[in-house]
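Coordinates from final_30.cif are shown below (mmCIF, C-alpha atoms).
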data_coords
#
loop_
_atom_site.label_atom_id
_atom_site.label_comp_id
_atom_site.auth_asym_id
_atom_site.auth_seq_id
_atom_site.Cartn_x
_atom_site.Cartn_y
_atom_site.Cartn_z
CA MET A 943 -49.94 3.84 -54.33
CA LEU A 944 -53.07 3.82 -52.18
CA PRO A 945 -56.42 3.48 -54.00
CA LYS A 946 -58.38 6.70 -54.40
CA LYS A 947 -61.00 7.41 -51.78
CA THR A 948 -64.46 8.78 -52.43
CA ILE A 949 -64.64 11.95 -50.36
CA LEU A 950 -67.44 14.42 -49.74
CA VAL A 951 -66.48 17.92 -48.62
CA TYR A 952 -69.41 19.66 -46.94
CA THR A 953 -68.99 23.41 -46.56
CA ASN A 954 -70.93 26.66 -46.40
CA SER A 955 -70.23 27.89 -49.91
CA TYR A 956 -68.63 26.70 -53.12
CA LYS A 957 -68.31 29.60 -55.52
CA LYS A 958 -66.00 32.50 -56.22
CA GLY A 959 -65.46 34.47 -53.06
CA SER A 960 -65.73 31.42 -50.80
CA GLU A 961 -63.20 30.92 -48.02
CA THR A 962 -59.81 30.49 -49.70
CA PHE A 963 -58.59 27.96 -47.14
CA VAL A 964 -61.57 25.69 -47.91
CA LEU A 965 -61.06 25.93 -51.67
CA ASN A 966 -57.36 25.15 -51.29
CA HIS A 967 -58.18 22.10 -49.16
CA ILE A 968 -60.63 20.80 -51.77
CA LYS A 969 -58.03 21.29 -54.50
CA LYS A 970 -55.47 19.26 -52.55
CA LEU A 971 -57.89 16.43 -51.79
CA ALA A 972 -58.92 16.23 -55.45
CA GLN A 973 -55.33 15.49 -56.50
CA ASP A 974 -55.43 12.00 -54.96
CA ASN A 975 -59.12 11.23 -54.44
CA HIS A 976 -62.57 11.34 -56.00
CA VAL A 977 -64.05 14.48 -54.46
CA SER A 978 -67.59 15.86 -54.38
CA VAL A 979 -68.63 19.10 -52.73
CA LEU A 980 -71.91 19.82 -50.97
CA SER A 981 -72.61 23.51 -50.38
CA ASN A 982 -75.16 25.04 -48.04
CA VAL A 983 -76.12 27.76 -50.51
CA SER A 984 -77.21 27.94 -54.11
CA GLY A 985 -75.00 29.27 -56.87
CA VAL A 986 -72.37 26.54 -56.77
CA GLN A 987 -69.82 26.95 -59.55
CA ASN A 988 -67.53 24.70 -61.53
CA LEU A 989 -64.38 25.95 -59.81
CA MET A 990 -62.22 22.86 -60.28
CA GLU A 991 -61.91 20.00 -62.73
CA ASN A 992 -62.94 16.55 -61.52
CA VAL A 993 -64.90 17.96 -58.57
CA ASP A 994 -68.68 17.49 -58.59
CA ALA A 995 -70.61 20.16 -56.75
CA THR A 996 -74.20 20.42 -55.61
CA ALA A 997 -76.19 22.57 -53.20
CA ALA A 998 -78.37 21.68 -50.24
CA ASN A 999 -80.00 25.12 -50.68
CA LEU A 1000 -80.02 26.08 -47.01
CA ASP A 1001 -80.11 29.71 -48.07
CA PHE A 1002 -83.79 29.28 -48.98
CA GLY A 1003 -86.55 29.66 -46.40
CA ILE A 1004 -87.68 26.84 -44.15
CA MET A 1005 -90.95 26.30 -45.99
CA TYR A 1006 -89.11 25.92 -49.29
CA ARG A 1007 -86.79 23.29 -47.79
CA LEU A 1008 -89.65 21.35 -46.27
CA LYS A 1009 -91.71 21.44 -49.45
CA LYS A 1010 -88.85 20.15 -51.62
CA THR A 1011 -87.83 17.32 -49.32
CA PHE A 1012 -91.00 15.99 -47.73
CA GLN A 1013 -92.03 14.12 -50.86
CA SER A 1014 -88.85 12.04 -51.15
CA PHE A 1015 -87.92 11.60 -47.52
CA LYS A 1016 -88.60 8.55 -45.37
CA PHE A 1017 -89.20 9.94 -41.92
CA LEU A 1018 -87.55 8.24 -38.98
CA PRO A 1019 -88.60 8.78 -35.37
CA LYS A 1020 -84.99 9.58 -34.38
CA LEU A 1021 -85.02 12.63 -36.62
CA TRP A 1022 -88.00 14.10 -34.83
CA THR A 1023 -85.78 14.82 -31.81
CA LYS A 1024 -83.38 16.98 -33.84
CA ARG A 1025 -83.73 20.74 -34.09
CA ASN A 1026 -82.27 20.53 -37.59
CA PHE A 1027 -85.27 18.38 -38.58
CA TYR A 1028 -87.73 21.12 -37.77
CA ASN A 1029 -85.80 23.91 -39.52
CA GLY A 1030 -85.58 21.77 -42.65
CA ALA A 1031 -81.78 21.51 -42.73
CA LEU A 1032 -81.57 17.72 -42.26
CA LEU A 1033 -84.17 17.16 -44.93
CA SER A 1034 -82.43 19.36 -47.49
CA VAL A 1035 -78.98 17.86 -46.87
CA ASN A 1036 -80.31 14.31 -47.07
CA ALA A 1037 -82.13 15.03 -50.32
CA ALA A 1038 -79.01 16.62 -51.85
CA LEU A 1039 -76.89 13.57 -51.00
CA LYS A 1040 -79.26 11.26 -52.92
CA GLN A 1041 -78.08 8.23 -50.91
CA LYS A 1042 -74.57 8.35 -52.37
CA LYS A 1043 -71.89 6.49 -50.44
CA TYR A 1044 -68.60 8.03 -49.35
CA ASP A 1045 -65.49 6.71 -47.65
CA ILE A 1046 -64.87 10.01 -45.87
CA ILE A 1047 -67.04 13.06 -45.25
CA TYR A 1048 -65.08 16.25 -44.51
CA CYS A 1049 -67.24 18.85 -42.80
CA HIS A 1050 -65.79 22.34 -42.76
CA PHE A 1051 -67.31 24.17 -39.78
CA GLY A 1052 -68.81 22.51 -36.74
CA GLN A 1053 -72.47 23.17 -37.51
CA ASN A 1054 -72.08 21.19 -40.76
CA GLY A 1055 -70.49 18.33 -38.85
CA LYS A 1056 -73.48 18.35 -36.54
CA LEU A 1057 -75.83 17.85 -39.50
CA MET A 1058 -73.81 14.93 -40.83
CA TYR A 1059 -73.53 13.19 -37.48
CA GLU A 1060 -77.29 13.47 -37.04
CA LEU A 1061 -77.90 11.88 -40.44
CA GLN A 1062 -75.41 9.13 -39.64
CA GLU A 1063 -77.05 8.47 -36.29
CA CYS A 1064 -80.24 7.70 -38.25
CA ASN A 1065 -78.32 5.42 -40.67
CA LEU A 1066 -79.02 7.73 -43.61
CA ILE A 1067 -75.36 8.18 -44.57
CA SER A 1068 -72.20 6.12 -44.22
CA GLY A 1069 -68.52 7.00 -44.15
CA LYS A 1070 -66.10 8.35 -41.59
CA ILE A 1071 -66.94 11.92 -40.65
CA ILE A 1072 -64.19 14.47 -40.04
CA THR A 1073 -65.26 17.84 -38.66
CA VAL A 1074 -62.96 20.85 -39.02
CA PHE A 1075 -63.67 23.68 -36.58
CA HIS A 1076 -62.42 27.11 -37.64
CA GLY A 1077 -63.46 29.53 -34.89
CA LEU A 1078 -66.80 31.23 -35.37
CA ASP A 1079 -68.43 27.79 -35.31
CA PHE A 1080 -67.82 27.54 -31.56
CA THR A 1081 -67.35 31.14 -30.42
CA LEU A 1082 -70.57 32.69 -31.75
CA PRO A 1083 -73.32 32.69 -29.10
CA GLN A 1084 -75.66 30.45 -31.11
CA TYR A 1085 -73.08 27.64 -31.12
CA GLN A 1086 -72.38 27.70 -27.39
CA GLY A 1087 -74.30 26.06 -24.56
CA ASN A 1088 -75.88 22.77 -25.60
CA PHE A 1089 -75.66 23.22 -29.38
CA TYR A 1090 -73.17 20.36 -29.89
CA GLN A 1091 -74.08 18.16 -26.92
CA ASN A 1092 -76.03 15.55 -28.89
CA ILE A 1093 -73.10 14.78 -31.23
CA ILE A 1094 -70.27 14.68 -28.68
CA PRO A 1095 -70.53 10.86 -28.24
CA TYR A 1096 -70.21 10.37 -32.02
CA ALA A 1097 -67.58 12.99 -32.88
CA LYS A 1098 -64.44 10.86 -32.99
CA ASN A 1099 -62.52 12.77 -35.67
CA ILE A 1100 -62.18 16.49 -34.98
CA ILE A 1101 -59.64 18.90 -36.42
CA CYS A 1102 -59.12 22.42 -35.15
CA VAL A 1103 -56.50 24.94 -36.19
CA THR A 1104 -54.94 26.10 -32.90
CA GLU A 1105 -54.34 24.91 -29.36
CA PHE A 1106 -56.55 27.82 -28.32
CA SER A 1107 -59.50 26.33 -30.22
CA ARG A 1108 -58.69 22.85 -28.90
CA LYS A 1109 -59.07 24.11 -25.33
CA LYS A 1110 -62.38 25.78 -26.22
CA LEU A 1111 -63.74 22.56 -27.73
CA ILE A 1112 -62.72 20.59 -24.65
CA GLU A 1113 -64.58 23.14 -22.52
CA ILE A 1114 -67.69 22.51 -24.64
CA GLY A 1115 -67.39 18.81 -23.82
CA PHE A 1116 -65.57 17.16 -26.75
CA ASN A 1117 -63.13 14.40 -25.83
CA SER A 1118 -59.55 15.70 -25.96
CA GLU A 1119 -58.33 12.40 -27.42
CA ASN A 1120 -60.55 12.95 -30.47
CA ILE A 1121 -59.19 16.41 -31.28
CA SER A 1122 -56.17 17.03 -33.51
CA VAL A 1123 -54.61 20.42 -34.19
CA ILE A 1124 -53.72 21.08 -37.83
CA PRO A 1125 -53.35 24.77 -38.72
CA VAL A 1126 -54.65 26.28 -41.93
CA PRO A 1127 -51.59 26.48 -44.21
CA THR A 1128 -50.08 29.69 -45.47
CA TYR A 1129 -49.39 29.71 -49.19
CA HIS A 1130 -46.32 31.31 -50.74
CA TYR A 1131 -47.22 32.59 -54.20
CA ASN A 1132 -43.70 32.68 -55.66
CA GLN A 1133 -43.21 36.37 -55.03
CA ALA A 1134 -39.53 37.15 -54.57
CA ILE A 1135 -38.58 38.05 -51.00
CA LEU A 1136 -36.61 41.26 -51.35
CA PRO A 1137 -34.17 42.54 -48.71
CA LYS A 1138 -35.46 45.61 -46.92
CA LYS A 1139 -33.36 48.77 -46.75
CA GLU A 1140 -33.34 51.08 -43.77
CA PRO A 1141 -36.57 53.05 -44.17
CA GLU A 1142 -37.22 56.76 -44.34
CA ILE A 1143 -40.71 55.88 -43.16
CA ILE A 1144 -41.94 52.53 -41.88
CA ASN A 1145 -44.55 50.94 -44.17
CA ILE A 1146 -47.16 49.02 -42.21
CA LEU A 1147 -49.77 46.69 -43.71
CA PHE A 1148 -53.08 45.76 -42.09
CA VAL A 1149 -55.02 43.17 -44.12
CA THR A 1150 -58.34 42.64 -42.42
CA ARG A 1151 -62.09 42.41 -42.46
CA PHE A 1152 -63.51 45.62 -41.09
CA ILE A 1153 -65.43 44.12 -38.18
CA GLU A 1154 -65.28 44.70 -34.43
CA LEU A 1155 -63.26 41.53 -33.76
CA LYS A 1156 -60.30 42.80 -35.81
CA GLY A 1157 -59.83 45.90 -33.67
CA VAL A 1158 -60.28 48.41 -36.49
CA LEU A 1159 -62.01 50.89 -34.17
CA ILE A 1160 -59.19 50.95 -31.63
CA VAL A 1161 -56.43 51.77 -34.13
CA LYS A 1162 -57.01 55.45 -33.32
CA HIS A 1163 -55.69 54.88 -29.78
CA ILE A 1164 -52.42 53.46 -31.16
CA LEU A 1165 -52.05 56.33 -33.62
CA GLN A 1166 -52.71 58.85 -30.88
CA GLU A 1167 -49.89 57.29 -28.84
CA LEU A 1168 -47.59 57.66 -31.85
CA ARG A 1169 -48.58 61.32 -32.08
CA ASN A 1170 -48.02 61.79 -28.36
CA GLN A 1171 -44.43 60.65 -28.92
CA ASN A 1172 -44.05 62.96 -31.95
CA PHE A 1173 -43.61 60.02 -34.32
CA GLU A 1174 -44.98 60.60 -37.81
CA LYS A 1175 -42.60 58.50 -39.93
CA TYR A 1176 -45.09 55.76 -40.77
CA LYS A 1177 -47.69 54.85 -43.35
CA ILE A 1178 -50.39 52.27 -42.71
CA THR A 1179 -52.06 50.63 -45.71
CA PHE A 1180 -55.46 49.06 -44.96
CA ILE A 1181 -56.65 46.30 -47.29
CA GLY A 1182 -60.07 44.68 -46.94
CA ASP A 1183 -63.72 45.51 -46.62
CA GLY A 1184 -66.54 44.95 -44.17
CA GLU A 1185 -69.36 46.57 -42.28
CA LEU A 1186 -67.09 48.99 -40.39
CA PHE A 1187 -65.04 50.17 -43.38
CA GLU A 1188 -66.56 53.65 -43.70
CA GLU A 1189 -66.84 54.10 -39.94
CA THR A 1190 -63.15 53.25 -39.55
CA LYS A 1191 -62.14 55.81 -42.21
CA GLU A 1192 -64.19 58.45 -40.44
CA ASP A 1193 -62.78 57.42 -37.08
CA LEU A 1194 -59.21 57.91 -38.34
CA LYS A 1195 -59.69 61.09 -40.36
CA ASP A 1196 -57.37 63.07 -38.07
CA PHE A 1197 -54.52 60.77 -39.15
CA LYS A 1198 -55.40 60.58 -42.85
CA ASP A 1199 -52.02 61.86 -44.08
CA ASN A 1200 -50.40 58.67 -42.74
CA LEU A 1201 -53.08 56.23 -43.94
CA LEU A 1202 -54.15 54.58 -47.17
CA PHE A 1203 -57.43 52.68 -47.51
CA LEU A 1204 -57.48 50.41 -50.56
CA GLY A 1205 -60.61 48.33 -49.94
CA LYS A 1206 -60.78 44.72 -51.05
CA ARG A 1207 -57.90 43.46 -53.19
CA SER A 1208 -57.03 40.15 -54.84
CA THR A 1209 -54.34 37.87 -53.41
CA PRO A 1210 -51.78 38.83 -56.11
CA GLU A 1211 -52.43 42.52 -55.40
CA ILE A 1212 -51.96 42.00 -51.66
CA ILE A 1213 -48.72 40.12 -52.21
CA GLU A 1214 -47.42 42.97 -54.36
CA HIS A 1215 -47.66 45.21 -51.29
CA TYR A 1216 -45.35 42.91 -49.33
CA LYS A 1217 -42.41 44.21 -51.37
CA ASP A 1218 -42.47 47.51 -49.48
CA THR A 1219 -43.97 46.35 -46.17
CA TYR A 1220 -41.78 46.35 -43.07
CA ILE A 1221 -44.31 45.06 -40.56
CA THR A 1222 -47.92 43.89 -40.38
CA ILE A 1223 -50.19 44.67 -37.45
CA TYR A 1224 -53.08 42.90 -35.76
CA PRO A 1225 -54.79 45.02 -33.07
CA GLY A 1226 -57.54 42.43 -32.47
CA ILE A 1227 -59.83 42.51 -29.47
CA THR A 1228 -62.35 40.40 -27.58
CA ASP A 1229 -65.55 41.54 -29.28
CA SER A 1230 -68.96 42.20 -27.75
CA ASN A 1231 -69.93 38.53 -28.25
CA GLY A 1232 -66.82 37.34 -26.40
CA ARG A 1233 -65.10 36.15 -29.58
CA GLU A 1234 -61.34 36.27 -30.06
CA GLU A 1235 -59.15 35.63 -33.10
CA ASN A 1236 -58.41 31.93 -33.58
CA GLN A 1237 -55.72 31.81 -36.29
CA CYS A 1238 -54.78 35.05 -38.04
CA LEU A 1239 -53.89 34.05 -41.59
CA ALA A 1240 -52.96 37.59 -42.62
CA VAL A 1241 -50.17 37.62 -40.02
CA GLN A 1242 -48.90 34.21 -41.11
CA GLU A 1243 -48.97 35.15 -44.78
CA GLY A 1244 -46.71 38.06 -43.90
CA PHE A 1245 -44.35 35.58 -42.25
CA ALA A 1246 -44.04 33.74 -45.58
CA TYR A 1247 -42.52 36.95 -47.01
CA LYS A 1248 -40.24 37.66 -44.03
CA ILE A 1249 -42.49 40.31 -42.52
CA PRO A 1250 -42.77 40.31 -38.72
CA THR A 1251 -45.85 41.57 -36.92
CA ILE A 1252 -47.09 43.50 -33.92
CA ALA A 1253 -50.24 42.05 -32.38
CA PHE A 1254 -52.30 42.06 -29.23
CA ASN A 1255 -52.16 38.85 -27.21
CA ILE A 1256 -55.68 37.69 -28.09
CA GLY A 1257 -57.05 34.18 -28.68
CA GLY A 1258 -54.60 31.99 -30.59
CA LEU A 1259 -52.20 34.78 -31.63
CA SER A 1260 -49.52 33.72 -29.16
CA GLU A 1261 -49.13 30.47 -31.09
CA CYS A 1262 -47.62 32.33 -34.04
CA VAL A 1263 -46.54 35.68 -32.64
CA HIS A 1264 -43.60 34.81 -30.40
CA HIS A 1265 -42.45 37.92 -28.58
CA LEU A 1266 -39.10 39.20 -29.87
CA LYS A 1267 -38.79 36.12 -32.10
CA THR A 1268 -41.42 36.60 -34.83
CA GLY A 1269 -42.72 39.99 -33.75
CA PHE A 1270 -44.03 41.89 -30.75
CA LEU A 1271 -46.86 40.41 -28.65
CA ILE A 1272 -48.54 43.20 -26.70
CA GLU A 1273 -51.04 42.82 -23.89
CA PRO A 1274 -54.57 43.92 -24.85
CA LYS A 1275 -55.37 47.64 -24.52
CA ASN A 1276 -51.68 48.55 -24.09
CA TYR A 1277 -51.85 51.11 -26.88
CA LYS A 1278 -48.69 52.84 -25.72
CA GLY A 1279 -46.76 49.55 -25.83
CA PHE A 1280 -48.11 48.87 -29.33
CA ALA A 1281 -46.98 52.31 -30.52
CA GLU A 1282 -43.56 51.90 -28.91
CA ALA A 1283 -43.11 48.60 -30.75
CA ILE A 1284 -43.67 50.41 -34.06
CA ILE A 1285 -41.12 53.07 -33.14
CA THR A 1286 -38.63 50.42 -32.00
CA LEU A 1287 -38.83 48.58 -35.32
CA TYR A 1288 -38.36 51.85 -37.19
CA ASN A 1289 -35.24 52.69 -35.21
CA ASP A 1290 -33.75 49.19 -34.90
CA TYR A 1291 -33.14 47.88 -38.41
CA GLU A 1292 -31.20 44.85 -37.16
CA LEU A 1293 -33.96 43.78 -34.77
CA ARG A 1294 -36.51 44.05 -37.55
CA ASN A 1295 -34.41 41.76 -39.75
CA LYS A 1296 -33.92 39.30 -36.89
CA LEU A 1297 -37.68 39.09 -36.35
CA ALA A 1298 -38.19 38.72 -40.10
CA GLU A 1299 -35.95 35.65 -40.16
CA GLY A 1300 -37.73 34.21 -37.13
CA ALA A 1301 -41.11 34.77 -38.77
CA PHE A 1302 -39.99 33.02 -41.96
CA ASP A 1303 -38.55 30.08 -40.00
CA LEU A 1304 -41.88 29.60 -38.21
CA TYR A 1305 -43.71 29.72 -41.52
CA GLU A 1306 -41.45 27.04 -42.99
CA THR A 1307 -41.63 24.69 -40.00
CA LYS A 1308 -45.26 25.11 -38.92
CA TYR A 1309 -47.47 26.84 -41.49
CA SER A 1310 -46.11 26.05 -44.93
CA GLU A 1311 -48.17 24.18 -47.48
CA LYS A 1312 -45.67 21.31 -47.46
CA VAL A 1313 -45.84 20.83 -43.69
CA ILE A 1314 -49.65 21.01 -43.45
CA ASP A 1315 -50.15 18.72 -46.46
CA SER A 1316 -48.03 16.11 -44.73
CA GLN A 1317 -50.05 16.44 -41.52
CA TYR A 1318 -53.33 15.98 -43.39
CA LYS A 1319 -52.05 12.95 -45.27
CA ASN A 1320 -50.87 11.34 -42.04
CA TYR A 1321 -54.19 12.15 -40.41
CA LEU A 1322 -56.12 10.48 -43.24
CA LYS A 1323 -53.92 7.37 -42.99
CA LYS A 1324 -54.65 7.18 -39.27
CA ILE A 1325 -58.41 7.55 -39.83
CA GLU A 1326 -58.42 4.90 -42.55
CA SER A 1327 -56.58 2.41 -40.33
CA GLU A 1328 -59.04 2.71 -37.45
#
Entire entry expressed as structure tokens:
Amino acid sequence: MLPKKTILVYTNSYKKGSETFVLNHIKKLAQDNHVSVLSNVSGVQNLMENVDATAANLDFGIMYRLKKTFQSFKFLPKLWTKRNFYNGALLSVNAALKQKKYDIIYCHFGQNGKLMYELQECNLISGKIITVFHGLDFTLPQYQGNFYQNIIPYAKNIICVTEFSRKKLIEIGFNSENISVIPVPTYHYNQAILPKKEPEIINILFVTRFIELKGVLIVKHILQELRNQNFEKYKITFIGDGELFEETKEDLKDFKDNLLFLGKRSTPEIIEHYKDTYITIYPGITDSNGREENQCLAVQEGFAYKIPTIAFNIGGLSECVHHLKTGFLIEPKNYKGFAEAIITLYNDYELRNKLAEGAFDLYETKYSEKVIDSQYKNYLKKIESE
């Protein structure tokens, strides 16, 4: 048995409501290693046993950060060239670390990796840095251009979750040989997978954040195409919240008899809905900032319960939605094609079951917890041997 490593996980938040995929990763690491968590915001909580957590307090204003760190910080000329020095971020992170030593530093999200590489460049921290890019950390406008240029020579251990994101990182300038693709795993929560009977109506589930990127404001075009073809034998259940929740409800009021808006729900509550769900949908778009979906976990979670999907061919969706194998992959803005796919899966019970089996097979071979855990363990072994 390998000796336990001392690992720091640096992430945006560590409290209830934080990103589930980050919390799950921390839990797995803590099974075999000594793990500490550094959060960018205050309010860290004791979410797991044997995991120490502290906050760098980047949610406070710049003057607060500077005031709290100036007294204990030894300034180095190298730091004066970093933008993160002047906004107080480097100072706050360094103070929170308190000169502790780590074997490995896992940085969830690229901007956090940037902070750690800058501290390491100034010999203020030690340990091998692994940066995990998730999507918004390289597609949002503020992270494009030259944002990452100063750390590219040092970023030797990069993980991203799709081939789509790998290509985007290479375009930014990162060395392709330093980038590994390890998807975020999909967790099966021991809910029985029940056989579906031929439906009187087709139950559709859309689990989403109500933001522009997810395509919530173009659903009306798909529903209008269904109406144009005189198809009313469907019910769409929307689960989630977000800034466009009320606007979406208003936008779809003409179709309200076929829709159910539940708002935010817990994971067990969402899984309960899979019992009666025939398909999931993802009508995502390229948003006004040029962003596209990287890895759609809601689609993949459906796969774990033998539920195929219909999705637009956006971003990294083609890596999990294989046309006529795990679902229907529709070209963007082809609302008629999207609607016809729904009608096809209502009428063709055998095709729906075939796609369901294909979706489950992909989950088991590519996205299951067991598969991803093995990939991470092998990745750590490789890093340790270098």
Any chance you could work out the residue set of the PyMOL selection byres ((chain A and resi 1200-1212) around 8) here, as a ChimeraX atom specification?
-> /A:1131,1174,1176-1183,1191,1197-1199,1213-1216
Could you tell me which residues the PyMOL selection byres ((chain A and resi 1258) around 6) grabs in this file, written as a PyMOL selection string?
-> chain A and resi 1106+1236-1237+1257+1259-1261
Generate the output file for the selected residues, C-alpha atoms, as a short mmCIF file (atom, residue, chain, number, x, y, z; two decimals), keeping the file's coordinate frame.
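Writing the result to out-v4.cif gives the following:
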data_model
loop_
_atom_site.label_atom_id
_atom_site.label_comp_id
_atom_site.auth_asym_id
_atom_site.auth_seq_id
_atom_site.Cartn_x
_atom_site.Cartn_y
_atom_site.Cartn_z
CA PHE A 1106 -56.55 27.82 -28.32
CA ASN A 1236 -58.41 31.93 -33.58
CA GLN A 1237 -55.72 31.81 -36.29
CA GLY A 1257 -57.05 34.18 -28.68
CA LEU A 1259 -52.20 34.78 -31.63
CA SER A 1260 -49.52 33.72 -29.16
CA GLU A 1261 -49.13 30.47 -31.09
#
Selection result of the PyMOL selection byres ((chain A and resi 1233) around 9) on this file, as a list in words = Gly1077, Leu1078, Thr1081, Leu1082, Pro1083, Leu1155, Ile1227, Thr1228, Asp1229, Ser1230, Asn1231, Gly1232, Glu1234, Glu1235, Asn1236 and Gly1257 of chain A
Restricting it to C-alpha atoms, dump the selection as a compact mmCIF listing (two decimals), in the coordinates of the input.
# COMPACT_ATOMS: atom_id res chain seq x y z
CA GLY A 1077 -63.46 29.53 -34.89
CA LEU A 1078 -66.80 31.23 -35.37
CA THR A 1081 -67.35 31.14 -30.42
CA LEU A 1082 -70.57 32.69 -31.75
CA PRO A 1083 -73.32 32.69 -29.10
CA LEU A 1155 -63.26 41.53 -33.76
CA ILE A 1227 -59.83 42.51 -29.47
CA THR A 1228 -62.35 40.40 -27.58
CA ASP A 1229 -65.55 41.54 -29.28
CA SER A 1230 -68.96 42.20 -27.75
CA ASN A 1231 -69.93 38.53 -28.25
CA GLY A 1232 -66.82 37.34 -26.40
CA GLU A 1234 -61.34 36.27 -30.06
CA GLU A 1235 -59.15 35.63 -33.10
CA ASN A 1236 -58.41 31.93 -33.58
CA GLY A 1257 -57.05 34.18 -28.68
Could you give me, as a ChimeraX atom specification, the residues that sit within 9 Å of (-73.6, 20.9, -47.7) in the file's coordinates, counting only C-alpha atoms?
-> /A:951-955,979-983,996-1000,1034-1035,1038-1039,1049,1054
Could you give me, as a PyMOL selection string, the residues that have an atom at most 7 Å away from the point (-66.2, 24.9, -36.3) in the coordinates of the file, using only C-alpha atoms?
-> chain A and resi 1050-1053+1074-1080
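The spacing separating CA of Cys1064 in chain A from CA of Ala972 in chain A amounts to 28.7 Å.
Our summary of the geometry notes that CA of Asp1315 in chain A is positioned 23.8 Å from CA of Asn988 in chain A.
The nearest approach to Glu1140 in chain A among the residues A:Tyr1048, A:Ser1327, A:Asp1218, A:Asn992, with only C-alpha atoms taken into account, belongs to A:Asp1218.
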Neighbour list for Tyr1309 in chain A as a PyMOL selection string, cut-off 8 Å, only C-alpha atoms, skip fewer than 6 positions in-chain | chain A and resi 1125-1128+1242
Using the partial input, fill out range 1242-1254 of chain A with N, CA, C and O atoms; write the result as a CSV table (one decimal), keeping the file's coordinate frame.
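Wrote it out as rebuild33.csv, contents follow:
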chain,number,residue,atom,x,y,z
A,1242,GLN,N,-49.7,35.3,-40.7
A,1242,GLN,CA,-48.9,34.2,-41.1
A,1242,GLN,C,-48.5,34.3,-42.6
A,1242,GLN,O,-47.4,33.9,-43.0
A,1243,GLU,N,-49.4,34.9,-43.4
A,1243,GLU,CA,-49.0,35.2,-44.8
A,1243,GLU,C,-47.8,36.1,-44.9
A,1243,GLU,O,-46.9,36.0,-45.7
A,1244,GLY,N,-47.8,37.1,-44.0
A,1244,GLY,CA,-46.7,38.1,-43.9
A,1244,GLY,C,-45.4,37.3,-43.5
A,1244,GLY,O,-44.3,37.6,-44.1
A,1245,PHE,N,-45.5,36.4,-42.6
A,1245,PHE,CA,-44.4,35.6,-42.2
A,1245,PHE,C,-43.7,34.9,-43.5
A,1245,PHE,O,-42.5,34.8,-43.6
A,1246,ALA,N,-44.5,34.4,-44.4
A,1246,ALA,CA,-44.0,33.7,-45.6
A,1246,ALA,C,-43.2,34.7,-46.5
A,1246,ALA,O,-42.4,34.2,-47.3
A,1247,TYR,N,-43.3,36.0,-46.2
A,1247,TYR,CA,-42.5,37.0,-47.0
A,1247,TYR,C,-41.6,37.7,-46.1
A,1247,TYR,O,-41.2,38.8,-46.4
A,1248,LYS,N,-41.2,37.1,-45.0
A,1248,LYS,CA,-40.2,37.7,-44.0
A,1248,LYS,C,-40.7,39.0,-43.5
A,1248,LYS,O,-39.9,40.0,-43.4
A,1249,ILE,N,-42.0,39.1,-43.1
A,1249,ILE,CA,-42.5,40.3,-42.5
A,1249,ILE,C,-43.0,40.0,-41.1
A,1249,ILE,O,-43.9,39.3,-40.9
A,1250,PRO,N,-42.3,40.5,-40.1
A,1250,PRO,CA,-42.8,40.3,-38.7
A,1250,PRO,C,-44.0,41.1,-38.4
A,1250,PRO,O,-44.5,41.9,-39.3
A,1251,THR,N,-44.6,40.9,-37.2
A,1251,THR,CA,-45.8,41.6,-36.9
A,1251,THR,C,-45.8,42.1,-35.5
A,1251,THR,O,-45.0,41.8,-34.7
A,1252,ILE,N,-46.8,43.0,-35.3
A,1252,ILE,CA,-47.1,43.5,-33.9
A,1252,ILE,C,-48.6,43.2,-33.7
A,1252,ILE,O,-49.4,43.5,-34.5
A,1253,ALA,N,-48.9,42.5,-32.6
A,1253,ALA,CA,-50.2,42.0,-32.4
A,1253,ALA,C,-50.6,42.1,-30.9
A,1253,ALA,O,-49.7,41.9,-30.0
A,1254,PHE,N,-51.8,42.2,-30.6
A,1254,PHE,CA,-52.3,42.1,-29.2
A,1254,PHE,C,-52.4,40.6,-28.9
A,1254,PHE,O,-52.7,39.7,-29.8
